[in-house]
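Visitor: So here's target.txt (compact mmCIF, C-alpha atoms and all ligand atoms).
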# COMPACT_ATOMS: atom_id res chain seq x y z
CA MET D 1 83.16 5.02 5.86
CA ARG D 2 84.57 1.66 4.88
CA TRP D 3 88.25 0.95 5.41
CA SER D 4 90.43 -1.12 3.12
CA GLU D 5 92.89 -3.58 4.60
CA ARG D 6 95.73 -1.24 3.65
CA GLN D 7 94.02 1.68 5.37
CA ARG D 8 93.42 -0.44 8.46
CA ALA D 9 97.09 -1.40 8.52
CA MET D 10 98.16 2.21 8.16
CA LEU D 11 95.73 3.37 10.83
CA GLY D 12 97.16 0.75 13.12
CA ALA D 13 100.64 2.07 12.38
CA MET D 14 99.43 5.56 13.32
CA GLY D 15 98.15 4.19 16.61
CA ILE D 16 94.48 4.68 15.73
CA THR D 17 92.03 2.08 16.98
CA LEU D 18 88.84 1.42 14.99
CA TRP D 19 85.71 0.87 16.98
CA GLY D 20 83.36 -1.22 14.88
CA PRO D 21 83.83 -1.94 11.21
CA ASP D 22 83.40 1.51 9.70
CA ARG D 23 83.73 4.16 12.33
CA VAL D 24 86.41 6.08 14.14
CA GLU D 25 85.75 7.86 17.38
CA ALA D 26 86.48 11.54 17.89
CA ARG D 27 86.55 13.55 21.09
CA ASP D 28 86.79 17.21 21.81
CA ALA D 29 90.15 18.39 23.03
CA PRO D 30 92.01 21.67 23.21
CA ALA D 31 93.38 22.61 19.80
CA THR D 32 96.72 23.99 20.72
CA THR D 33 100.22 23.03 19.84
CA VAL D 34 102.60 21.97 22.56
CA PRO D 35 103.74 25.04 24.52
CA ARG D 36 107.39 25.79 24.10
CA PRO D 37 109.63 27.90 26.26
CA ARG D 38 109.92 31.55 25.40
CA ASP D 39 113.18 33.05 24.27
CA PRO D 40 114.27 35.83 26.62
CA GLY D 41 116.18 37.48 23.80
CA ALA D 42 113.24 37.61 21.43
CA ALA D 43 112.65 41.27 22.21
CA VAL D 44 115.52 42.20 19.94
CA ALA D 45 114.37 40.11 16.98
CA CYS D 46 113.74 41.96 13.74
CA ALA D 47 114.81 45.38 14.94
CA ASP D 48 114.70 47.66 11.93
CA THR D 49 117.57 49.98 12.79
CA PRO D 50 120.79 49.73 14.76
CA ALA D 51 119.45 52.22 17.31
CA ARG D 52 116.28 50.23 17.87
CA ALA D 53 118.24 47.01 18.08
CA GLU D 54 120.57 48.42 20.69
CA ALA D 55 117.68 49.86 22.68
CA SER D 56 115.92 46.52 22.56
CA ALA D 57 119.07 44.73 23.66
CA ARG D 58 119.39 47.09 26.63
CA ALA D 59 115.73 46.51 27.48
CA ALA D 60 116.39 42.77 27.41
CA GLY D 61 119.08 43.22 30.03
CA GLY D 62 122.00 43.51 27.69
CA ALA D 63 122.49 39.76 27.82
CA ARG D 64 122.78 39.54 24.06
CA ALA D 65 124.58 41.67 21.54
CA ALA D 66 122.42 43.87 19.37
CA PHE D 67 121.35 42.25 16.15
CA VAL D 68 120.84 44.35 13.08
CA ALA D 69 118.48 42.67 10.69
CA ALA D 70 118.77 42.95 6.94
CA PRO D 71 115.83 44.72 5.31
CA ALA D 72 112.61 42.72 5.24
CA PRO D 73 112.25 40.61 2.09
CA ASP D 74 110.54 42.65 -0.62
CA ALA D 75 107.42 40.68 -1.50
CA ALA D 76 107.25 42.20 -4.99
CA ASP D 77 110.84 41.17 -5.64
CA ILE D 78 110.39 37.69 -4.14
CA ALA D 79 107.35 37.20 -6.38
CA THR D 80 109.60 37.36 -9.46
CA LEU D 81 111.97 34.58 -8.36
CA ASP D 82 112.05 31.11 -9.86
CA TRP D 83 112.55 28.00 -7.72
CA ASN D 84 116.35 28.01 -7.66
CA ALA D 85 116.59 31.75 -7.11
CA LEU D 86 114.07 31.51 -4.29
CA ARG D 87 116.00 28.69 -2.65
CA ALA D 88 119.21 30.72 -2.88
CA ARG D 89 117.51 33.82 -1.50
CA VAL D 90 116.23 31.89 1.50
CA ALA D 91 119.64 30.31 2.12
CA SER D 92 121.27 33.73 2.35
CA CYS D 93 118.46 35.50 4.23
CA ARG D 94 119.37 37.51 7.33
CA ALA D 95 116.11 39.38 7.71
CA CYS D 96 115.51 38.30 11.28
CA ARG D 97 117.51 37.21 14.31
CA LEU D 98 116.91 33.51 13.62
CA CYS D 99 119.70 33.59 11.06
CA GLU D 100 122.17 33.93 13.93
CA SER D 101 121.37 30.63 15.60
CA ARG D 102 120.45 28.43 12.64
CA THR D 103 122.69 25.68 11.36
CA GLN D 104 121.08 26.06 7.95
CA THR D 105 117.82 27.21 6.43
CA VAL D 106 115.11 24.59 5.86
CA PHE D 107 113.60 25.33 2.47
CA GLY D 108 111.37 22.30 2.02
CA VAL D 109 111.28 18.81 0.60
CA GLY D 110 109.29 16.92 -1.99
CA ASN D 111 107.96 17.48 -5.47
CA PRO D 112 107.86 21.14 -6.56
CA ARG D 113 104.89 20.17 -8.75
CA ALA D 114 103.04 18.31 -6.00
CA HIS D 115 99.26 18.35 -5.96
CA CYS D 116 99.32 18.47 -2.17
CA MET D 117 101.49 20.98 -0.33
CA ILE D 118 101.91 20.64 3.42
CA VAL D 119 102.69 23.71 5.49
CA GLY D 120 104.16 23.20 8.95
CA GLU D 121 105.43 25.60 11.55
CA ALA D 122 109.16 26.06 12.13
CA PRO D 123 112.23 23.82 12.05
CA GLY D 124 113.15 22.03 15.25
CA GLU D 125 116.55 20.78 16.29
CA ASN D 126 116.63 17.78 13.94
CA GLU D 127 115.27 19.80 11.03
CA ASP D 128 117.89 22.48 11.61
CA LEU D 129 120.64 19.86 11.59
CA GLN D 130 119.36 17.90 8.59
CA GLY D 131 117.97 20.77 6.53
CA GLU D 132 114.63 19.00 6.01
CA PRO D 133 111.22 19.67 7.56
CA PHE D 134 109.38 17.09 9.64
CA VAL D 135 112.16 14.68 10.59
CA GLY D 136 112.45 12.74 13.83
CA SER D 137 109.47 11.08 15.49
CA ALA D 138 106.98 13.75 14.34
CA GLY D 139 108.21 13.33 10.79
CA GLN D 140 107.86 9.56 11.00
CA LEU D 141 104.27 9.96 12.14
CA LEU D 142 103.61 12.36 9.28
CA ASP D 143 105.05 9.85 6.81
CA ARG D 144 102.72 7.14 8.15
CA MET D 145 99.76 9.50 7.95
CA LEU D 146 100.60 10.36 4.36
CA LEU D 147 101.05 6.72 3.40
CA ALA D 148 97.60 6.02 4.76
CA ILE D 149 96.09 8.23 2.07
CA GLY D 150 98.50 7.16 -0.68
CA LEU D 151 100.94 10.08 -0.44
CA THR D 152 104.66 10.26 0.23
CA ARG D 153 107.50 12.73 0.52
CA GLY D 154 109.71 10.24 -1.36
CA GLU D 155 110.12 10.14 -5.11
CA ALA D 156 106.77 9.80 -6.88
CA GLU D 157 104.53 11.45 -9.42
CA PRO D 158 103.11 14.88 -8.48
CA ALA D 159 99.75 13.31 -7.62
CA GLN D 160 101.37 11.07 -5.01
CA GLN D 161 104.38 13.05 -3.82
CA VAL D 162 103.80 16.01 -1.52
CA PHE D 163 105.86 19.13 -1.07
CA ILE D 164 106.49 20.08 2.57
CA ALA D 165 107.47 23.55 3.71
CA ASN D 166 107.43 25.47 6.96
CA THR D 167 106.17 28.95 7.71
CA LEU D 168 109.60 29.81 9.10
CA LYS D 169 112.74 28.69 7.31
CA CYS D 170 115.03 28.97 10.35
CA ARG D 171 114.85 27.30 13.73
CA PRO D 172 113.76 29.43 16.70
CA PRO D 173 116.24 28.95 19.57
CA ARG D 174 115.29 26.21 22.02
CA ASN D 175 112.22 25.53 19.88
CA ARG D 176 110.38 28.54 21.22
CA ASN D 177 107.29 29.76 19.41
CA PRO D 178 107.84 31.92 16.34
CA GLU D 179 107.53 35.63 16.97
CA PRO D 180 104.93 37.55 14.90
CA ALA D 181 107.66 39.72 13.38
CA GLU D 182 109.62 36.63 12.33
CA LEU D 183 106.53 35.11 10.71
CA ALA D 184 105.84 38.37 8.91
CA ARG D 185 109.37 38.67 7.58
CA CYS D 186 109.46 35.09 6.36
CA SER D 187 105.98 35.01 4.82
CA ALA D 188 106.98 36.17 1.33
CA TYR D 189 109.06 33.02 0.89
CA LEU D 190 106.17 30.71 1.72
CA VAL D 191 103.83 32.67 -0.54
CA ARG D 192 106.26 32.35 -3.44
CA GLN D 193 106.71 28.62 -2.77
CA ILE D 194 102.95 28.12 -3.01
CA GLU D 195 102.77 30.21 -6.18
CA LEU D 196 105.51 28.11 -7.80
CA VAL D 197 104.28 24.70 -6.66
CA GLN D 198 100.70 25.55 -7.66
CA PRO D 199 99.23 22.73 -5.58
CA LYS D 200 95.62 21.64 -5.75
CA LEU D 201 95.41 21.60 -1.98
CA LEU D 202 97.15 23.09 1.04
CA LEU D 203 97.31 21.09 4.25
CA ALA D 204 98.04 23.39 7.21
CA MET D 205 99.53 21.58 10.21
CA GLY D 206 99.63 23.45 13.48
CA ARG D 207 98.46 26.86 14.61
CA PHE D 208 101.32 28.88 13.16
CA ALA D 209 100.69 27.37 9.74
CA VAL D 210 97.05 28.30 10.18
CA GLN D 211 97.99 31.83 11.17
CA ALA D 212 100.23 32.16 8.13
CA LEU D 213 97.69 30.84 5.63
CA LEU D 214 94.37 31.91 7.08
CA ASP D 215 95.40 34.87 9.23
CA SER D 216 93.35 33.33 12.01
CA SER D 217 94.11 32.76 15.68
CA GLU D 218 91.13 30.43 16.13
CA PRO D 219 91.99 27.08 17.74
CA ILE D 220 92.53 24.23 15.32
CA GLY D 221 89.61 22.39 16.89
CA ARG D 222 87.30 25.11 15.59
CA LEU D 223 88.86 25.32 12.13
CA ARG D 224 89.38 21.68 11.23
CA GLY D 225 86.72 19.58 9.55
CA ARG D 226 85.87 22.10 6.83
CA VAL D 227 87.48 23.62 3.77
CA HIS D 228 89.07 27.05 3.95
CA ARG D 229 90.65 29.14 1.17
CA TRP D 230 94.06 30.67 0.60
CA ARG D 231 93.45 32.83 -2.45
CA ASP D 232 91.58 30.32 -4.65
CA LEU D 233 93.18 27.20 -3.15
CA PRO D 234 91.37 24.88 -0.75
CA VAL D 235 93.01 24.62 2.67
CA VAL D 236 92.49 21.76 5.12
CA VAL D 237 93.53 22.40 8.70
CA THR D 238 94.78 19.72 11.04
CA TYR D 239 96.96 19.10 14.06
CA HIS D 240 100.74 19.16 13.94
CA PRO D 241 102.25 15.65 14.23
CA ALA D 242 104.27 16.76 17.27
CA TYR D 243 101.00 17.64 18.99
CA LEU D 244 99.54 14.27 18.02
CA LEU D 245 102.48 12.47 19.61
CA ARG D 246 101.58 14.14 22.91
CA ASN D 247 97.83 13.89 22.39
CA PRO D 248 97.26 10.53 20.64
CA ALA D 249 93.50 10.67 21.22
CA ASP D 250 93.34 13.35 18.53
CA LYS D 251 94.82 11.06 15.89
CA VAL D 252 91.30 10.04 14.93
CA ARG D 253 90.48 13.66 14.19
CA ALA D 254 93.67 14.06 12.20
CA TRP D 255 92.71 10.96 10.24
CA ALA D 256 89.33 12.52 9.44
CA ASP D 257 91.15 15.65 8.23
CA LEU D 258 93.39 13.55 6.00
CA CYS D 259 90.35 11.81 4.56
CA LEU D 260 88.88 15.23 3.76
CA ALA D 261 92.14 16.21 2.06
CA ALA D 262 92.20 12.96 0.07
CA THR D 263 88.64 13.52 -1.07
CA LEU D 264 89.46 17.01 -2.30
CA LEU D 265 92.60 15.79 -4.07
CA ALA D 266 90.65 13.07 -5.85
CA ARG D 267 88.21 15.54 -7.40
S1 LIG D 301 113.37 32.85 9.52
FE1 LIG D 301 112.91 33.57 7.43
S2 LIG D 301 113.08 35.83 7.55
FE2 LIG D 301 114.18 34.96 9.35
S3 LIG D 301 116.32 34.75 8.66
FE3 LIG D 301 115.30 32.78 8.33
S4 LIG D 301 114.64 32.88 6.15
FE4 LIG D 301 115.08 34.99 6.82
The structure given in the file should be rewritten as structure tokens.

Guide:
Amino acid sequence: MRWSERQRAMLGAMGITLWGPDRVEARDAPATTVPRPRDPGAAVACADTPARAEASARAAGGARAAFVAAPAPDAADIATLDWNALRARVASCRACRLCESRTQTVFGVGNPRAHCMIVGEAPGENEDLQGEPFVGSAGQLLDRMLLAIGLTRGEAEPAQQVFIANTLKCRPPRNRNPEPAELARCSAYLVRQIELVQPKLLLAMGRFAVQALLDSSEPIGRLRGRVHRWRDLPVVVTYHPAYLLRNPADKVRAWADLCLAATLLAR
């Protein structure tokens, strides 16, 4: 593959070194996101009834008050919502314990008619505070990666501006991993977002995004490099920018994934 001067500059900004005029080097590496501490109170998340919630709280040592979740979002009902109604529904959601510790929900950012929709994992501390996905150093890396293939989260036409959403709309405490029940309860919102955006391509970043879209627990290293499907939409799988910050050697693989995404978008 031949690189333009602009691409070379962007690759340099991403920290990717080109060996030779037309080639990037890739190595095998474990395809996992950065482990995060577990939440000792997670056992009481998403309890369906007050009795179950109290029992779970007791089992967790009684350190936290019982949380009674609102009913799980009704997928059939969510599927009828327009963009503004969906945003409002997410903002008021209390269907899992994460509503207790969030500063605000993180709905997404970008063009709701974008050709490329990026799906991440869950809000972190900065995202929770700012109400926007992928901010901080991981977000800056994502922005550079997008610029390298002519995309942006900033104002632009739908072909150039992405829409970015997370699988979870609320931050897990202390950035722990999302619980399966939390992912399940939040999934209807992501599905409706995809239905409304109607992108040409989904870019799944990180293993929880992959689980949500592909229902697969395979490592990213085994899933990346080929095209998957969510309903009839092509899905490209790649590493989460936070993982790439800790594992910079895999930036070359992420770049190859972005090139695959750009090729599909250009068709
Ligand atoms: S994470 Fe999702 S399901 Fe849980 S409270 Fe937030 S919006 Fe609702």

Visitor: Taking into account all atoms listed in the file, which residue in the set D:Val237, D:Gly225, D:Arg176, D:Ser217 is nearest to Ala256 (chain D)?

Guide: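 Smallest distance to Ala256 (chain D) is found for D:Gly225.
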
Visitor: Rounded to one decimal, what separation in Å do you get between CA of Ala204 (chain D) and CA of Leu190 (chain D)?

Guide: 12.2 Å

Visitor: What's the separation between CA of Leu201 (chain D) and CA of Ala88 (chain D), in Å to one decimal place?

Guide: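 Those two atoms sit 25.5 Å apart.
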
Visitor: Write out as a PDB file with C-alpha atoms, keeping the file's coordinate frame the residues lying within 7 Å of region 122-132 of chain D, counting all atoms listed in the file and excluding same-chain residues fewer than 5 positions away.

Guide:
ATOM      1  CA  ARG D 102     120.450  28.430  12.640  1.00  0.00           C
ATOM      2  CA  THR D 103     122.690  25.680  11.360  1.00  0.00           C
ATOM      3  CA  GLN D 104     121.080  26.060   7.950  1.00  0.00           C
ATOM      4  CA  THR D 105     117.820  27.210   6.430  1.00  0.00           C
ATOM      5  CA  VAL D 106     115.110  24.590   5.860  1.00  0.00           C
ATOM      6  CA  GLY D 108     111.370  22.300   2.020  1.00  0.00           C
ATOM      7  CA  VAL D 109     111.280  18.810   0.600  1.00  0.00           C
ATOM      8  CA  ASN D 166     107.430  25.470   6.960  1.00  0.00           C
ATOM      9  CA  THR D 167     106.170  28.950   7.710  1.00  0.00           C
ATOM     10  CA  LEU D 168     109.600  29.810   9.100  1.00  0.00           C
ATOM     11  CA  LYS D 169     112.740  28.690   7.310  1.00  0.00           C
ATOM     12  CA  CYS D 170     115.030  28.970  10.350  1.00  0.00           C
ATOM     13  CA  ARG D 171     114.850  27.300  13.730  1.00  0.00           C
ATOM     14  CA  ASN D 175     112.220  25.530  19.880  1.00  0.00           C
TER      15      ASN D 175
END

Visitor: Identify, counting all atoms listed in the file, the protein, DNA and RNA residues located within 10 Å of ligand LIG 301 (chain D), and give them as a PyMOL selection string.

Guide: chain D and resi 45-46+69-73+87+89-102+104-107+122-123+166-172+178-179+181-190

Visitor: Can you list, as a tab-separated table (two decimals) with C-alpha atoms, keeping the file's coordinate frame, every protein, DNA or RNA residue that comes within 8 Å of region 112-116 of chain D when you count only C-alpha atoms, leaving out same-chain residues fewer than 6 positions away?

Guide:
chain	number	residue	atom	x	y	z
D	157	GLU	CA	104.53	11.45	-9.42
D	158	PRO	CA	103.11	14.88	-8.48
D	159	ALA	CA	99.75	13.31	-7.62
D	160	GLN	CA	101.37	11.07	-5.01
D	161	GLN	CA	104.38	13.05	-3.82
D	162	VAL	CA	103.80	16.01	-1.52
D	163	PHE	CA	105.86	19.13	-1.07
D	196	LEU	CA	105.51	28.11	-7.80
D	197	VAL	CA	104.28	24.70	-6.66
D	198	GLN	CA	100.70	25.55	-7.66
D	199	PRO	CA	99.23	22.73	-5.58
D	200	LYS	CA	95.62	21.64	-5.75
D	201	LEU	CA	95.41	21.60	-1.98
D	202	LEU	CA	97.15	23.09	1.04
D	203	LEU	CA	97.31	21.09	4.25
D	265	LEU	CA	92.60	15.79	-4.07

Visitor: Enter the distance from CA of Leu142 (chain D) to CA of Leu264 (chain D), in Å, rounded to one decimal.

Guide: 18.9 Å

Visitor: Near Ala79 (chain D), within 9 Å and counting all atoms listed in the file, which residues show up once chain neighbours fewer than 2 positions away are dropped, as JSON, numbers by chain?

Guide: {"D": [74, 75, 76, 77, 81, 82, 188, 189, 191, 192, 195]}

Visitor: Please save C-alpha atoms of the selected residues as a PDB file, in the coordinates of the input.

Guide:
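Ended up saving to out08.pdb:
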ATOM      1  CA  ASP D  74     110.540  42.650  -0.620  1.00  0.00           C
ATOM      2  CA  ALA D  75     107.420  40.680  -1.500  1.00  0.00           C
ATOM      3  CA  ALA D  76     107.250  42.200  -4.990  1.00  0.00           C
ATOM      4  CA  ASP D  77     110.840  41.170  -5.640  1.00  0.00           C
ATOM      5  CA  LEU D  81     111.970  34.580  -8.360  1.00  0.00           C
ATOM      6  CA  ASP D  82     112.050  31.110  -9.860  1.00  0.00           C
ATOM      7  CA  ALA D 188     106.980  36.170   1.330  1.00  0.00           C
ATOM      8  CA  TYR D 189     109.060  33.020   0.890  1.00  0.00           C
ATOM      9  CA  VAL D 191     103.830  32.670  -0.540  1.00  0.00           C
ATOM     10  CA  ARG D 192     106.260  32.350  -3.440  1.00  0.00           C
ATOM     11  CA  GLU D 195     102.770  30.210  -6.180  1.00  0.00           C
TER      12      GLU D 195
END

Visitor: Looking at D:Leu86, D:Val235, D:Leu213, D:Leu244, which one is nearest to Ser137 (chain D), with distances taken over all atoms listed in the file?

Guide: D:Leu244

Visitor: For Arg222 (chain D), which residue among D:Tyr243, D:Ile164, D:Arg174, D:Arg253 is the nearest when counting only C-alpha atoms?

Guide: D:Arg253

Visitor: Nearest to Leu223 (chain D) among D:Ala209, D:Gly136, D:Ala85, D:Thr238, with distances taken over all atoms listed in the file: which residue is it?

Guide: D:Thr238
